[in-house]
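J.: I am sharing data.cif, which consists of mmCIF, C-alpha atoms:
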```
data_final
#
loop_
_atom_site.group_PDB
_atom_site.id
_atom_site.type_symbol
_atom_site.label_atom_id
_atom_site.label_comp_id
_atom_site.auth_asym_id
_atom_site.auth_seq_id
_atom_site.Cartn_x
_atom_site.Cartn_y
_atom_site.Cartn_z
ATOM 1 C CA MET O 14 0.000 0.000 0.000
ATOM 2 C CA ALA O 15 2.784 2.433 0.913
ATOM 3 C CA GLU O 16 4.505 1.820 -2.431
ATOM 4 C CA THR O 17 1.301 2.688 -4.300
ATOM 5 C CA ILE O 18 0.850 5.904 -2.355
ATOM 6 C CA ALA O 19 4.521 6.782 -2.883
ATOM 7 C CA THR O 20 3.965 6.307 -6.612
ATOM 8 C CA LEU O 21 0.997 8.674 -6.449
ATOM 9 C CA ALA O 22 3.190 11.167 -4.575
ATOM 10 C CA PHE O 23 5.769 10.838 -7.341
ATOM 11 C CA LEU O 24 3.111 11.573 -9.963
ATOM 12 C CA SER O 25 1.864 14.525 -7.926
ATOM 13 C CA ALA O 26 5.407 15.914 -7.720
ATOM 14 C CA LEU O 27 5.716 15.437 -11.472
ATOM 15 C CA ALA O 28 2.474 17.381 -11.889
ATOM 16 C CA MET O 29 3.982 20.161 -9.750
ATOM 17 C CA LEU O 30 6.962 20.314 -12.075
ATOM 18 C CA ILE O 31 4.792 20.379 -15.185
ATOM 19 C CA SER O 32 2.442 22.966 -13.664
ATOM 20 C CA SER O 33 5.249 25.517 -13.877
ATOM 21 C CA VAL O 34 4.283 26.068 -17.518
ATOM 22 C CA PHE O 35 0.527 26.243 -16.880
ATOM 23 C CA THR O 36 -1.768 28.552 -14.956
ATOM 24 C CA LYS O 37 -3.410 25.840 -12.857
ATOM 25 C CA GLY O 38 -2.098 23.790 -9.959
ATOM 26 C CA LYS O 39 -2.230 26.078 -6.938
ATOM 27 C CA TRP O 40 -2.927 23.235 -4.502
ATOM 28 C CA LEU O 41 -0.658 20.584 -5.985
ATOM 29 C CA PRO O 42 2.027 21.021 -3.268
ATOM 30 C CA GLY O 43 -0.605 20.391 -0.598
ATOM 31 C CA ILE O 44 -1.777 17.236 -2.366
ATOM 32 C CA THR O 45 1.827 16.062 -2.613
ATOM 33 C CA VAL O 46 2.332 16.672 1.113
ATOM 34 C CA ALA O 47 -0.721 14.566 1.951
ATOM 35 C CA LEU O 48 0.434 11.697 -0.262
ATOM 36 C CA LEU O 49 3.993 11.772 1.092
ATOM 37 C CA LEU O 50 2.773 11.686 4.685
ATOM 38 C CA MET O 51 0.310 8.898 3.889
ATOM 39 C CA ALA O 52 3.131 6.858 2.351
ATOM 40 C CA LEU O 53 5.222 7.447 5.473
ATOM 41 C CA ILE O 54 2.382 6.449 7.810
ATOM 42 C CA GLN O 55 1.767 3.269 5.819
ATOM 43 C CA SER O 56 5.464 2.334 6.058
ATOM 44 C CA PRO O 57 7.106 0.546 9.004
ATOM 45 C CA LEU O 58 7.708 2.864 11.943
ATOM 46 C CA GLU O 59 11.468 2.513 11.623
ATOM 47 C CA GLY O 60 11.207 3.878 8.086
ATOM 48 C CA ILE O 61 12.043 7.338 9.408
ATOM 49 C CA HIS O 62 15.572 6.029 10.028
ATOM 50 C CA GLN O 63 15.997 4.935 6.404
ATOM 51 C CA PRO O 64 16.734 7.014 3.288
ATOM 52 C CA GLY O 65 13.244 6.351 1.954
ATOM 53 C CA GLY O 66 11.690 7.798 5.093
ATOM 54 C CA TRP O 67 13.991 10.811 4.965
ATOM 55 C CA ALA O 68 12.923 11.453 1.373
ATOM 56 C CA LEU O 69 9.250 11.393 2.351
ATOM 57 C CA LEU O 70 9.779 13.680 5.353
ATOM 58 C CA ILE O 71 11.986 16.180 3.534
ATOM 59 C CA GLY O 72 9.654 16.283 0.541
ATOM 60 C CA ALA O 73 6.602 16.797 2.761
ATOM 61 C CA SER O 74 8.318 19.574 4.712
ATOM 62 C CA LEU O 75 9.513 21.283 1.533
ATOM 63 C CA CYS O 76 6.130 21.149 -0.180
ATOM 64 C CA SER O 77 4.353 22.368 2.971
ATOM 65 C CA VAL O 78 6.420 25.552 3.080
ATOM 66 C CA VAL O 79 6.073 25.991 -0.679
ATOM 67 C CA GLN O 80 2.288 25.693 -0.374
ATOM 68 C CA TYR O 81 2.410 28.386 2.314
ATOM 69 C CA HIS O 82 4.381 30.733 0.060
ATOM 70 C CA ILE O 83 2.052 30.088 -2.880
ATOM 71 C CA LYS O 84 -0.990 30.793 -0.723
ATOM 72 C CA ARG O 85 0.599 34.123 0.206
ATOM 73 C CA GLY O 86 0.724 35.040 -3.465
ATOM 74 C CA ARG O 87 4.342 34.259 -4.225
ATOM 75 C CA ASN O 88 5.514 33.048 -7.629
ATOM 76 C CA ARG O 89 3.556 29.806 -7.974
ATOM 77 C CA LYS O 90 5.248 28.581 -11.136
ATOM 78 C CA PHE O 91 8.743 28.973 -9.700
ATOM 79 C CA PHE O 92 8.010 27.465 -6.300
ATOM 80 C CA SER O 93 5.843 24.630 -7.554
ATOM 81 C CA GLY O 94 8.209 23.734 -10.391
ATOM 82 C CA PHE O 95 11.357 23.679 -8.293
ATOM 83 C CA ALA O 96 9.754 21.938 -5.302
ATOM 84 C CA GLY O 97 8.251 19.321 -7.597
ATOM 85 C CA GLY O 98 11.611 18.723 -9.236
ATOM 86 C CA ILE O 99 13.406 18.390 -5.896
ATOM 87 C CA THR O 100 10.764 15.989 -4.590
ATOM 88 C CA LEU O 101 11.103 13.901 -7.739
ATOM 89 C CA VAL O 102 14.861 13.675 -7.251
ATOM 90 C CA LEU O 103 14.429 12.723 -3.589
ATOM 91 C CA LEU O 104 12.050 9.901 -4.461
ATOM 92 C CA LEU O 105 14.090 8.695 -7.433
ATOM 93 C CA THR O 106 17.381 8.564 -5.570
ATOM 94 C CA MET O 107 16.390 7.690 -2.000
ATOM 95 C CA TYR O 108 13.074 5.840 -1.965
ATOM 96 C CA PRO O 109 13.652 2.094 -2.563
ATOM 97 C CA GLU O 110 11.875 0.421 -5.466
ATOM 98 C CA GLN O 111 10.406 -2.232 -3.186
ATOM 99 C CA GLY O 112 9.349 0.278 -0.578
ATOM 100 C CA ILE O 113 10.555 0.717 2.985
ATOM 101 C CA LYS O 114 11.105 -2.606 4.728
ATOM 102 C CA GLU O 115 11.393 -3.600 8.358
ATOM 103 C CA THR O 116 14.855 -4.250 9.768
ATOM 104 C CA VAL O 117 16.239 -5.842 12.910
ATOM 105 C CA ASN O 118 17.581 -2.526 14.189
ATOM 106 C CA GLU O 119 16.041 -0.981 17.264
ATOM 107 C CA TYR O 120 15.663 2.758 17.802
ATOM 108 C CA SER O 121 14.522 4.807 20.750
ATOM 109 C CA ALA O 122 11.749 7.378 20.624
ATOM 110 C CA THR O 123 14.385 10.087 21.064
ATOM 111 C CA ASP O 124 16.280 8.847 18.016
ATOM 112 C CA GLY O 125 13.085 8.963 15.994
ATOM 113 C CA LEU O 126 12.247 12.474 17.147
ATOM 114 C CA ILE O 127 15.731 13.716 16.260
ATOM 115 C CA VAL O 128 15.522 12.238 12.758
ATOM 116 C CA ILE O 129 12.101 13.790 12.185
ATOM 117 C CA ILE O 130 13.306 17.223 13.332
ATOM 118 C CA GLU O 131 16.430 17.015 11.163
ATOM 119 C CA SER O 132 14.447 15.993 8.087
ATOM 120 C CA VAL O 133 11.875 18.732 8.606
ATOM 121 C CA ILE O 134 14.640 21.314 9.021
ATOM 122 C CA VAL O 135 16.267 20.186 5.764
ATOM 123 C CA GLY O 136 12.941 20.523 3.945
ATOM 124 C CA ILE O 137 12.342 23.999 5.361
ATOM 125 C CA LEU O 138 15.920 24.936 4.494
ATOM 126 C CA LEU O 139 15.429 23.912 0.861
ATOM 127 C CA ALA O 140 12.194 25.910 0.705
ATOM 128 C CA GLN O 141 13.869 29.002 2.158
ATOM 129 C CA LEU O 142 16.687 28.721 -0.356
ATOM 130 C CA LEU O 143 14.063 28.738 -3.104
ATOM 131 C CA TYR O 144 12.471 31.788 -1.510
ATOM 132 C CA ASN O 145 15.833 33.518 -1.272
ATOM 133 C CA ALA O 146 16.534 32.910 -4.952
ATOM 134 C CA VAL O 147 13.507 35.026 -5.928
ATOM 135 C CA TYR O 148 12.930 37.303 -2.943
ATOM 136 C CA PHE O 149 16.484 37.834 -1.817
ATOM 137 C CA ASP O 150 17.051 38.886 1.765
ATOM 138 C CA LYS O 151 20.493 39.272 3.307
ATOM 139 C CA LYS O 152 19.342 38.362 6.825
ATOM 140 C CA ASN O 153 17.629 35.256 5.515
ATOM 141 C CA SER O 154 20.854 34.343 3.704
ATOM 142 C CA ILE O 155 22.833 34.586 6.924
ATOM 143 C CA ARG O 156 20.299 32.402 8.727
ATOM 144 C CA VAL O 157 20.427 29.829 5.949
ATOM 145 C CA ILE O 158 24.231 29.682 6.035
ATOM 146 C CA ALA O 159 24.158 29.295 9.819
ATOM 147 C CA ILE O 160 21.614 26.450 9.644
ATOM 148 C CA VAL O 161 23.649 24.625 6.990
ATOM 149 C CA ALA O 162 26.766 24.939 9.152
ATOM 150 C CA ILE O 163 24.938 23.696 12.257
ATOM 151 C CA LEU O 164 23.473 20.721 10.396
ATOM 152 C CA TYR O 165 26.869 19.840 8.967
ATOM 153 C CA VAL O 166 28.550 19.940 12.375
ATOM 154 C CA PHE O 167 25.884 18.382 14.578
ATOM 155 C CA SER O 168 23.742 16.219 12.281
ATOM 156 C CA ASP O 169 24.505 12.981 10.475
ATOM 157 C CA ILE O 170 21.832 13.662 7.875
ATOM 158 C CA MET O 171 24.145 16.015 5.984
ATOM 159 C CA PHE O 172 26.525 13.115 5.409
ATOM 160 C CA VAL O 173 23.938 11.376 3.246
ATOM 161 C CA ASP O 174 25.296 12.013 -0.247
ATOM 162 C CA GLN O 175 22.009 12.863 -1.929
ATOM 163 C CA ILE O 176 20.901 15.245 0.817
ATOM 164 C CA PHE O 177 24.303 16.928 0.891
ATOM 165 C CA ILE O 178 24.255 17.424 -2.884
ATOM 166 C CA LEU O 179 20.715 18.802 -2.771
ATOM 167 C CA VAL O 180 21.471 21.261 0.015
ATOM 168 C CA ILE O 181 24.748 22.529 -1.459
ATOM 169 C CA SER O 182 23.307 22.825 -4.974
ATOM 170 C CA MET O 183 20.317 24.750 -3.673
ATOM 171 C CA CYS O 184 22.709 26.941 -1.686
ATOM 172 C CA PHE O 185 24.236 27.870 -5.033
ATOM 173 C CA VAL O 186 20.780 28.801 -6.333
ATOM 174 C CA GLY O 187 19.585 30.573 -3.202
ATOM 175 C CA LEU O 188 22.774 32.435 -2.348
ATOM 176 C CA LEU O 189 23.853 33.477 -5.846
ATOM 177 C CA PRO O 190 22.012 36.814 -5.456
ATOM 178 C CA LEU O 191 24.276 37.544 -2.484
ATOM 179 C CA LEU O 192 27.295 37.545 -4.808
ATOM 180 C CA GLU O 193 25.525 39.076 -7.785
ATOM 181 C CA ASP O 194 24.209 42.015 -5.768
ATOM 182 C CA ARG O 195 27.772 42.906 -4.826
ATOM 183 C CA ILE O 196 29.020 42.752 -8.408
ATOM 184 C CA THR O 197 26.061 44.120 -10.388
ATOM 185 C CA PRO O 198 26.338 47.755 -9.167
ATOM 186 C CA LYS O 199 29.918 47.799 -10.432
ATOM 187 C CA LEU O 200 28.980 46.651 -13.925
ATOM 188 C CA GLY O 201 28.382 49.128 -16.680
ATOM 189 C CA THR O 202 28.106 49.032 -20.446
ATOM 190 C CA GLY O 203 31.680 48.053 -21.189
ATOM 191 C CA SER O 204 32.707 46.210 -24.332
ATOM 192 C CA GLY O 205 33.944 42.652 -24.468
ATOM 193 C CA ARG O 206 30.932 41.015 -22.851
ATOM 194 C CA ALA O 207 31.009 38.075 -25.257
ATOM 195 C CA LYS O 208 34.740 37.656 -24.699
ATOM 196 C CA SER O 209 34.280 37.760 -20.938
ATOM 197 C CA LEU O 210 31.532 35.138 -21.107
ATOM 198 C CA ALA O 211 33.577 32.857 -23.355
ATOM 199 C CA ILE O 212 36.756 33.059 -21.272
ATOM 200 C CA SER O 213 35.003 32.612 -17.927
ATOM 201 C CA THR O 214 33.024 29.666 -19.296
ATOM 202 C CA LEU O 215 36.141 27.994 -20.684
ATOM 203 C CA LEU O 216 38.061 28.522 -17.447
ATOM 204 C CA GLY O 217 35.130 27.116 -15.511
ATOM 205 C CA ILE O 218 35.003 23.981 -17.649
ATOM 206 C CA ILE O 219 38.750 23.439 -17.267
ATOM 207 C CA LEU O 220 38.522 23.856 -13.493
ATOM 208 C CA ILE O 221 35.569 21.500 -13.212
ATOM 209 C CA PHE O 222 37.375 18.808 -15.183
ATOM 210 C CA SER O 223 40.698 19.221 -13.367
ATOM 211 C CA ILE O 224 39.276 19.224 -9.850
ATOM 212 C CA THR O 225 36.822 16.430 -10.604
ATOM 213 C CA TYR O 226 39.661 14.317 -11.988
ATOM 214 C CA ALA O 227 41.717 14.911 -8.842
ATOM 215 C CA LEU O 228 38.799 13.917 -6.623
ATOM 216 C CA VAL O 229 37.502 10.866 -8.502
ATOM 217 C CA SER O 230 41.045 9.511 -8.753
ATOM 218 C CA GLY O 231 40.754 8.734 -5.065
ATOM 219 C CA VAL O 232 37.672 6.557 -5.575
ATOM 220 C CA ASN O 233 38.754 2.909 -5.479
ATOM 221 C CA ARG O 234 36.401 1.645 -8.154
ATOM 222 C CA VAL O 235 37.503 4.405 -10.541
ATOM 223 C CA GLY O 236 41.260 4.466 -10.006
ATOM 224 C CA SER O 237 43.732 7.091 -11.131
ATOM 225 C CA GLY O 238 44.289 6.109 -14.761
ATOM 226 C CA ASP O 239 42.117 6.126 -17.849
ATOM 227 C CA GLY O 240 39.064 5.341 -15.761
ATOM 228 C CA ALA O 241 39.381 8.593 -13.831
ATOM 229 C CA ILE O 242 39.839 10.548 -17.059
ATOM 230 C CA ALA O 243 36.775 8.942 -18.645
ATOM 231 C CA VAL O 244 34.593 9.516 -15.585
ATOM 232 C CA SER O 245 35.784 13.109 -15.216
ATOM 233 C CA LEU O 246 35.113 13.776 -18.886
ATOM 234 C CA TRP O 247 31.545 12.540 -18.878
ATOM 235 C CA LEU O 248 30.776 14.306 -15.606
ATOM 236 C CA THR O 249 32.218 17.526 -17.023
ATOM 237 C CA VAL O 250 30.277 17.094 -20.264
ATOM 238 C CA ALA O 251 27.061 16.609 -18.285
ATOM 239 C CA VAL O 252 27.698 19.745 -16.223
ATOM 240 C CA THR O 253 28.661 21.745 -19.304
ATOM 241 C CA ALA O 254 25.552 20.639 -21.184
ATOM 242 C CA THR O 255 23.350 21.705 -18.277
ATOM 243 C CA GLY O 256 25.152 25.038 -18.040
ATOM 244 C CA MET O 257 24.823 25.611 -21.771
ATOM 245 C CA GLY O 258 21.135 24.842 -21.474
ATOM 246 C CA GLY O 259 20.908 27.541 -18.826
ATOM 247 C CA MET O 260 22.442 30.009 -21.266
ATOM 248 C CA LEU O 261 19.374 29.561 -23.457
ATOM 249 C CA LEU O 262 16.983 30.758 -20.748
ATOM 250 C CA PRO O 263 17.102 34.401 -21.964
ATOM 251 C CA LEU O 264 15.507 33.173 -25.196
ATOM 252 C CA PHE O 265 12.439 32.266 -23.125
ATOM 253 C CA GLY O 266 12.132 35.695 -21.555
ATOM 254 C CA LEU O 267 14.361 35.169 -18.512
ATOM 255 C CA ASP O 268 16.630 38.096 -19.315
ATOM 256 C CA ALA O 269 16.150 40.462 -16.384
ATOM 257 C CA HIS O 270 19.736 40.058 -15.185
ATOM 258 C CA PRO O 271 22.535 42.399 -16.341
ATOM 259 C CA ARG O 272 24.403 39.468 -17.902
ATOM 260 C CA PRO O 273 21.555 37.005 -18.618
ATOM 261 C CA GLU O 274 23.641 34.399 -20.444
ATOM 262 C CA ALA O 275 26.207 34.308 -17.640
ATOM 263 C CA TRP O 276 23.380 34.083 -15.102
ATOM 264 C CA GLY O 277 21.874 31.175 -17.034
ATOM 265 C CA TRP O 278 25.261 29.456 -17.117
ATOM 266 C CA ARG O 279 25.586 29.789 -13.342
ATOM 267 C CA LEU O 280 22.050 28.526 -12.761
ATOM 268 C CA GLY O 281 22.712 25.511 -14.968
ATOM 269 C CA LEU O 282 25.935 24.768 -13.099
ATOM 270 C CA SER O 283 24.117 25.065 -9.780
ATOM 271 C CA LEU O 284 21.430 22.559 -10.724
ATOM 272 C CA SER O 285 23.648 20.099 -12.579
ATOM 273 C CA PRO O 286 24.796 18.069 -9.524
ATOM 274 C CA ILE O 287 21.160 17.414 -8.600
ATOM 275 C CA LEU O 288 20.376 16.109 -12.079
ATOM 276 C CA ILE O 289 23.580 14.077 -12.333
ATOM 277 C CA SER O 290 22.964 12.516 -8.920
ATOM 278 C CA ILE O 291 20.002 10.671 -10.427
ATOM 279 C CA GLN O 292 22.466 8.745 -12.585
ATOM 280 C CA THR O 293 25.545 8.390 -10.376
ATOM 281 C CA ASP O 294 26.705 8.717 -6.794
ATOM 282 C CA LEU O 295 29.827 10.553 -7.984
ATOM 283 C CA ALA O 296 27.987 13.853 -8.453
ATOM 284 C CA GLY O 297 29.306 15.167 -5.146
ATOM 285 C CA HIS O 298 32.817 15.276 -6.587
ATOM 286 C CA LEU O 299 31.684 18.083 -8.896
ATOM 287 C CA LEU O 300 30.769 20.551 -6.172
ATOM 288 C CA VAL O 301 34.216 22.062 -5.585
ATOM 289 C CA GLY O 302 34.874 22.672 -9.277
ATOM 290 C CA ILE O 303 31.388 24.091 -9.792
ATOM 291 C CA THR O 304 31.867 26.462 -6.859
ATOM 292 C CA LEU O 305 35.033 27.881 -8.407
ATOM 293 C CA ALA O 306 33.443 28.062 -11.862
ATOM 294 C CA ILE O 307 30.533 30.068 -10.444
ATOM 295 C CA LEU O 308 32.879 32.457 -8.637
ATOM 296 C CA ILE O 309 34.842 33.015 -11.849
ATOM 297 C CA SER O 310 31.639 33.628 -13.803
ATOM 298 C CA VAL O 311 30.402 36.186 -11.282
ATOM 299 C CA SER O 312 33.655 38.128 -11.038
ATOM 300 C CA SER O 313 34.983 37.875 -14.605
ATOM 301 C CA PRO O 314 33.149 40.950 -16.005
ATOM 302 C CA LEU O 315 35.063 43.150 -13.568
ATOM 303 C CA VAL O 316 38.363 41.898 -14.955
ATOM 304 C CA LEU O 317 37.742 41.004 -18.578
ATOM 305 C CA GLU O 318 35.342 43.672 -19.812
ATOM 306 C CA LYS O 319 37.031 46.780 -21.166
ATOM 307 C CA GLY O 320 35.955 50.367 -21.010
ATOM 308 C CA ARG O 321 33.336 49.761 -18.336
ATOM 309 C CA GLU O 322 31.312 52.698 -17.137
ATOM 310 C CA LYS O 323 29.966 52.047 -13.689
ATOM 311 C CA ALA O 324 26.223 51.840 -13.473
ATOM 312 C CA VAL O 325 24.670 54.825 -11.752
#
```
Written as C-alpha cells, how would this file's structure read?
T.:
Amino acid sequence: MAETIATLAFLSALAMLISSVFTKGKWLPGITVALLLMALIQSPLEGIHQPGGWALLIGASLCSVVQYHIKRGRNRKFFSGFAGGITLVLLLTMYPEQGIKETVNEYSATDGLIVIIESVIVGILLAQLLYNAVYFDKKNSIRVIAIVAILYVFSDIMFVDQIFILVISMCFVGLLPLLEDRITPKLGTGSGRAKSLAISTLLGIILIFSITYALVSGVNRVGSGDGAIAVSLWLTVAVTATGMGGMLLPLFGLDAHPRPEAWGWRLGLSLSPILISIQTDLAGHLLVGITLAILISVSSPLVLEKGREKAV
C-alpha cells in the first residue's frame, strides 16, 4: 500500500513540475504533502531512520512551506516547479523500489524524534533557499548559512550524499544573489561582454574537469588512470551541457539580469549536480569545481570587460 501511495506522490510531484508552464495547480504542493505523509504512515515505523523515510519527510516539509508561500501570493510557477523537481529527485534517488522494509535494528523514541526534526529542518531549508533565490534577503541568507553549518557539524543527515548534494546545490541557487548584488552595481556598459563570457566559461570547464579528476582519482572503483579521465570527462560534459542549457533561458524571456547568459550558465551549473545525482553517486565530486566556476563567472566581467562605465 505504501509503495502505491509513494507512486501517487511521485506523480503529484511530477504534476507540480509540469504545472510551472501552466496557470493551474495552486494546490498541488498540498496534495503532494498529503500523499507523502500517507506513504510514510503506511510504512514501518522505523522507516524514518531509512533514506526512503527521509525522502518522504523532507519532501513533505519542503512542499508544505512551498504551499504556504504560494498561498501568500508568491511566484507559484517557480516554487511549484522547483519543489516538484526536488521531490522527484528525492524519491528517485532515496526511496527504494520495493518500498521501505522492516529491519532488525532498534531505535529509541528520542532517536526517531531527532531524525524527524532534522528531516523537517532540511525541507524547510530547501524551501527558504528557493524563496531567497527570488525574494532575496540578506538576513535570511545569513540564517540559511548558519543552519547549513549547524546541520553539517551536529547532524549525520548532511553526510547522506544525496541530501548533501541537494542542500549545497540549492545553496548555489539561493545564495547566488548575495554575490551578484555585490558585483552588479559595479557593472556598466563596457565592451567585451562576449569575450568575458567565453573566457570565464572555458576557465570554468577546465577547473571543473581538473578538480573532478583529482577527486575521482581517489575513488577505489575508478582508479587514477584512464578510468578517472573517462569519468571526469563525462561528468564535465554533463555539467557543461546543463550550463549551456541555462544560457538559453534568456531566449524564453528570462533576461532580467545584467548578464543574462552568464546568469543562465551559473544557474545551470548550480542545478547540474542534482540532475547528475540521479544517474551516479559521484555527483558530489563536482561541487568544488562548480563552486570555483561560479565564482569566476560572477567576477569575470570586472576583470575582462574593457571600457566599463559604472552603473549609476
J.: Between O:Thr225, O:Gln292, O:Ser168, O:Thr45, which one has atoms that come closest to Val128 of chain O, using only C-alpha atoms?
T.: O:Ser168
J.: May I ask for the distance between atom CA of Ala28 of chain O and atom CA of Ala52 of chain O, given in Å to one decimal place?
T.: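 Separating atom CA of Ala28 of chain O from atom CA of Ala52 of chain O is a distance of 17.7 Å.
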J.: Just checking: using only C-alpha atoms, which residue out of O:Gln80, O:Ser74, O:Ser283, O:Thr20 ends up closest to Leu179 of chain O?
T.: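 Once distances to Leu179 of chain O are computed over only C-alpha atoms, the minimum belongs to O:Ser283.
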J.: List the spatial neighbours of Pro109 of chain O as a list in words - criterion: any atom at most 10 Å away, all atoms listed in the file, same-chain residues fewer than 5 positions off excluded.
T.: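 Listing them by chain and then by number gives Glu16, Gln63, Pro64, Gly65, Gly66, Leu104 and Lys114 of chain O.
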J.: Which residues match the PyMOL selection byres ((chain O and resi 301) around 10) in the file above, as an NGL selection string?
T.: :O and (220-221 or 224-225 or 228 or 297-300 or 302-306)
J.: Which value, in Å to one decimal, gives the distance between atom CA of Ile137 of chain O and atom CA of Leu103 of chain O?
T.: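 Here the two named atoms are 14.5 Å from each other.
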J.: Got a sec to resolve the PyMOL selection byres ((chain O and resi 88) around 12) on this structure and send the residues as an NGL selection string?
T.: :O and (33 or 36 or 39 or 79-87 or 89-95 or 143-144 or 146-148)
J.: Please measure the separation of atom CA of Ala73 of chain O and atom CA of Pro190 of chain O, giving the value in Å to one decimal.
T.: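 Going from atom CA of Ala73 of chain O over to atom CA of Pro190 of chain O covers 26.6 Å.
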J.: Nearest residue to Ile196 of chain O out of O:Leu308, O:Ile113, O:Leu53, O:Ala227, using all atoms listed in the file?
T.: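 Checking each of O:Leu308, O:Ile113, O:Leu53, O:Ala227 against Ile196 of chain O, counting all atoms listed in the file, the winner is O:Leu308.
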J.: Fewer than 3 positions away in the same chain doesn't count, so skip those; otherwise give me all residues within 10 Å of Leu288 of chain O, counting all atoms listed in the file, as a PyMOL selection string.
T.: chain O and resi 98-99+102+179+251-252+255+283-285+291-293+296
J.: If the PyMOL selection byres ((chain O and resi 182) around 9) were run on this exact file, what residues would it hold? Put them as a list of chain:residue names.
T.: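 Given this file, the PyMOL selection byres ((chain O and resi 182) around 9) evaluates to O:Phe177, O:Ile178, O:Leu179, O:Val180, O:Ile181, O:Met183, O:Cys184, O:Phe185, O:Val186, O:Gly187, O:Leu282, O:Ser283, O:Leu284, O:Ser285, O:Pro286, O:Ile287, O:Leu300.
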J.: Just give me the residues with any atom within 8 Å of (22.1, 30.7, -20.9), file coordinates, counting all atoms listed in the file, written as an NGL selection string.
T.: :O and (256-263 or 273-278 or 281)
J.: Write out the residues from the selection above, keeping C-alpha atoms, as a short mmCIF file (atom, residue, chain, number, x, y, z; two decimals), in the coordinates of the input.
T.:
```cif
data_model
loop_
_atom_site.label_atom_id
_atom_site.label_comp_id
_atom_site.auth_asym_id
_atom_site.auth_seq_id
_atom_site.Cartn_x
_atom_site.Cartn_y
_atom_site.Cartn_z
CA GLY O 256 25.15 25.04 -18.04
CA MET O 257 24.82 25.61 -21.77
CA GLY O 258 21.14 24.84 -21.47
CA GLY O 259 20.91 27.54 -18.83
CA MET O 260 22.44 30.01 -21.27
CA LEU O 261 19.37 29.56 -23.46
CA LEU O 262 16.98 30.76 -20.75
CA PRO O 263 17.10 34.40 -21.96
CA PRO O 273 21.56 37.01 -18.62
CA GLU O 274 23.64 34.40 -20.44
CA ALA O 275 26.21 34.31 -17.64
CA TRP O 276 23.38 34.08 -15.10
CA GLY O 277 21.87 31.18 -17.03
CA TRP O 278 25.26 29.46 -17.12
CA GLY O 281 22.71 25.51 -14.97
#
```
J.: Measuring between only C-alpha atoms, which one of O:Phe149, O:Phe35, O:Phe23, O:Trp40 shows the shortest distance to Thr106 of chain O?
T.: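 Under the stated criterion, the closest residue is O:Phe23.
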J.: Name the closest residue to Arg206 of chain O among the candidates O:Lys37, O:Arg234, O:Arg279, O:Arg272; distances are taken between atoms, counting all atoms listed in the file.
T.: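 The answer is O:Arg272, which sits nearest to Arg206 of chain O.
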J.: I'd like to know which of O:Ile218, O:Leu246, O:Ala47, O:Leu58 is closest to Asn118 of chain O, using all atoms listed in the file.
T.: O:Leu58
J.: Identify, on the basis of all atoms listed in the file, every residue whose closest approach to Leu21 of chain O does not exceed 10 Å; exclude the query and any residue fewer than 3 positions from it along the same chain; express the result as a count of residues only.
T.: 13
